[in-house]
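Q: Please find one structure pasted underneath; my questions will follow.
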Amino acid sequence: MNSDVHKLLRLKRYEHPTPDYFERFVDEFHDRQRSELLRQPAWKLAWERLVDSLPDFRVPRLAYAAVGAAAVAVSAVILVSQQDQGLPATALALNDPRPMVNVLPPGRGDVRLPVSSRSDFPPHYVLEARPVSYESPYSF
Amino acid sequence: MAEVAEEQEINDVDLVARTQDGDPRAFDDLVRKYSPRLYGLVYNMTSNHEDTNDLLQDIFSKAYRSIRGFKGKSSFYTWLHTIATNMTINFLKKRSRTRGMSLDDVDNGIHHDPDFIEMTSGPDARREVNLKELQTRLNEAMMKLSNEHRAVVTMFDIQGMPHAEIGKILGISEGTVRSRLFYAHRQLQNHLQEFLVP
């Protein structure tokens, strides 16, 4: 360290305002705080109070807003998807035009499901496929 | 000395807790306690009394608004100085370069300072020093430093803070503090050549 420069710079500590400046400073600070309070819009004050009332879990305060927004978004997606599905599953089964048949043996109850017709399953063909066999192919 | 610092720390903790509980008079005590010191920090970085006054008001307003978020991980002193340094550096980045200096009066105590006496009298007096001229030249030299270098010089050379404390306030290592000081001193030496021993 250059001690001459250091000594010279130390002289700067003698530069300061008059002592009554700091007494006036506190009064000026109060005036400024009051005027700031009056200039602040009501929503900002309400927001600050809301944020202050929230428990602090070392989480950034804006995170509360983000979590709230995310919750609203997820709820909206669930509601919209339910509306798209229209009728619930039971109502769909009742409205199925296909004939119903009881799938349980007689006397065991009554669980009816629609009968599948061929048109429910499109035809499926297997071409050039060999059946699986464990026998040796005898192709010496 | 350490006991006094500890006592001050306890006093700060109490004042901060009372402010957080909604007692504005406790914050007034903190303002009274720290405004002279923070004034020195901001003034020596801006070299302008009016800017220092406005900035100091903003700094304490910001500290008051944020004090609920102060968890005591660092001392209140470090926390407040960090706010002050960041706000002053941001202000200086935006400030018009044309803004001139408006310097405070120099305390008469300087005439009794051993370094000042050594410099201005005796057989190896550097030169006939006009106090106002010295003040102006010192401030001009300071303003030629970058904001970051000026902050380190202000805290170390003028305010007498230890390297570790400066590092905490600026969020840099002690090594970086030392290297910034070394570079800044070299620059200042060039600008203040006439006041230094040949």
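Please note that chains go A, B, ... in the order of the structure tokens, that every chain numbers its residues from 1, and that ligands are numbered from 1 in the order shown.
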Write out as a ChimeraX atom specification every residue belonging to chain B that has an atom at most 9 Å from any atom of chain A, counting only C-alpha atoms.
A: /B:28,31-32,35-36,39-40,43-44,49,53,57,60-61,68,103-110,113,115-116,119,135,138-139,153-154,156-160,178,181-182,185-186,188-189,192,195-197
Q: Would you return as number ranges by chain the members of segment 16-162 of chain B that DSSP assigns to alpha helix (DSSP H) on this structure's backbone?
A: B: 16-20, 24-46, 49-66, 76-94, 114-120, 131-143, 147-153
Q: Would you mind exporting C-alpha atoms of the selected residues as a compact mmCIF listing (two decimals), in the first residue's frame?
A:
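Result written to result_21.txt:
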# COMPACT_ATOMS: atom_id res chain seq x y z
CA VAL B 16 -33.93 -3.25 14.48
CA ALA B 17 -36.31 -5.57 16.36
CA ARG B 18 -38.28 -2.59 17.68
CA THR B 19 -38.46 -1.09 14.18
CA GLN B 20 -39.68 -4.41 12.79
CA PRO B 24 -40.64 4.31 14.13
CA ARG B 25 -38.64 6.04 16.91
CA ALA B 26 -36.29 3.10 16.99
CA PHE B 27 -35.54 3.65 13.32
CA ASP B 28 -34.95 7.36 14.02
CA ASP B 29 -32.22 6.29 16.44
CA LEU B 30 -30.66 4.16 13.73
CA VAL B 31 -30.80 7.12 11.32
CA ARG B 32 -29.13 9.39 13.91
CA LYS B 33 -26.48 6.80 14.59
CA TYR B 34 -25.56 5.94 11.00
CA SER B 35 -26.23 9.11 9.01
CA PRO B 36 -22.83 10.74 9.69
CA ARG B 37 -20.97 7.61 8.67
CA LEU B 38 -23.11 6.95 5.62
CA TYR B 39 -22.84 10.62 4.69
CA GLY B 40 -19.05 10.18 4.54
CA LEU B 41 -19.38 7.10 2.34
CA VAL B 42 -21.81 8.68 -0.14
CA TYR B 43 -20.18 12.12 -0.15
CA ASN B 44 -16.73 10.75 -0.91
CA MET B 45 -18.17 8.72 -3.76
CA THR B 46 -20.19 11.58 -5.31
CA HIS B 49 -23.29 17.66 -1.12
CA GLU B 50 -26.75 17.98 -2.72
CA ASP B 51 -26.55 14.55 -4.36
CA THR B 52 -25.35 13.09 -1.07
CA ASN B 53 -28.29 14.58 0.80
CA ASP B 54 -30.86 13.23 -1.71
CA LEU B 55 -29.21 9.83 -1.87
CA LEU B 56 -28.99 9.54 1.89
CA GLN B 57 -32.73 10.18 2.18
CA ASP B 58 -33.39 7.51 -0.46
CA ILE B 59 -31.06 5.05 1.27
CA PHE B 60 -32.79 5.37 4.64
CA SER B 61 -36.23 5.20 2.99
CA LYS B 62 -35.21 2.02 1.21
CA ALA B 63 -33.76 0.57 4.42
CA TYR B 64 -36.98 1.38 6.32
CA ARG B 65 -39.14 -0.26 3.65
CA SER B 66 -36.92 -3.36 3.56
CA PHE B 76 -27.17 -4.12 10.47
CA TYR B 77 -24.13 -1.97 9.79
CA THR B 78 -23.01 -4.23 6.90
CA TRP B 79 -26.57 -4.53 5.56
CA LEU B 80 -27.08 -0.76 5.57
CA HIS B 81 -23.69 -0.08 3.97
CA THR B 82 -24.47 -2.61 1.24
CA ILE B 83 -27.72 -0.78 0.42
CA ALA B 84 -25.88 2.56 0.46
CA THR B 85 -23.02 1.40 -1.77
CA ASN B 86 -25.30 -0.27 -4.33
CA MET B 87 -27.64 2.73 -4.50
CA THR B 88 -24.75 5.17 -4.83
CA ILE B 89 -23.06 3.18 -7.59
CA ASN B 90 -26.40 2.92 -9.46
CA PHE B 91 -26.92 6.64 -9.03
CA LEU B 92 -23.44 7.45 -10.33
CA LYS B 93 -24.01 5.30 -13.42
CA LYS B 94 -27.08 7.40 -14.26
CA PRO B 114 -0.14 15.02 12.34
CA ASP B 115 -0.19 14.02 8.66
CA PHE B 116 -1.36 17.47 7.63
CA ILE B 117 1.25 19.15 9.86
CA GLU B 118 3.96 16.89 8.44
CA MET B 119 2.91 17.73 4.92
CA THR B 120 2.67 21.49 5.34
CA LEU B 131 -6.42 23.83 1.96
CA LYS B 132 -9.14 24.55 -0.60
CA GLU B 133 -6.82 23.57 -3.41
CA LEU B 134 -5.85 20.35 -1.68
CA GLN B 135 -9.50 19.50 -1.16
CA THR B 136 -10.36 20.19 -4.79
CA ARG B 137 -7.39 18.19 -6.09
CA LEU B 138 -8.16 15.24 -3.83
CA ASN B 139 -11.76 15.18 -4.98
CA GLU B 140 -10.80 15.53 -8.62
CA ALA B 141 -8.39 12.63 -8.25
CA MET B 142 -11.07 10.53 -6.56
CA MET B 143 -13.55 11.27 -9.34
CA ASN B 147 -17.07 3.87 -9.13
CA GLU B 148 -15.99 0.45 -7.82
CA HIS B 149 -12.43 1.59 -7.10
CA ARG B 150 -13.67 4.79 -5.46
CA ALA B 151 -15.95 2.76 -3.19
CA VAL B 152 -13.03 0.65 -1.98
CA VAL B 153 -10.78 3.69 -1.44
Q: So which one's closest to Met161 of chain B, B:Lys73, B:Val177, B:Leu145, B:His112? Using only C-alpha atoms, please.
A: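 Closest residue, counting only C-alpha atoms: B:Val177.
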Q: Just give me the gap between atom CA of Ser74 of chain B and atom CA of Pro162 of chain B in Å, one decimal is fine.
A: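 Those two atoms sit 15.5 Å apart.
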Q: Between atom CA of Gly69 of chain B and atom CA of Arg24 of chain A, measure the distance and give it in Å to one decimal.
A: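 Between atom CA of Gly69 of chain B and atom CA of Arg24 of chain A the gap works out to 28.0 Å.
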Q: From the set B:Ala164, B:His111, B:Arg95, B:Asp21, which residue has the shortest atom-to-atom contact distance to Ile67 of chain B, counting only C-alpha atoms?
A: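 Under the stated criterion, the closest residue is B:Asp21.
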Q: Using atom CA of Trp43 of chain A and atom CA of Tyr64 of chain A as the two end points, give the distance in Å to one decimal.
A: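 Pair atom CA of Trp43 of chain A / atom CA of Tyr64 of chain A returns 17.1 Å.
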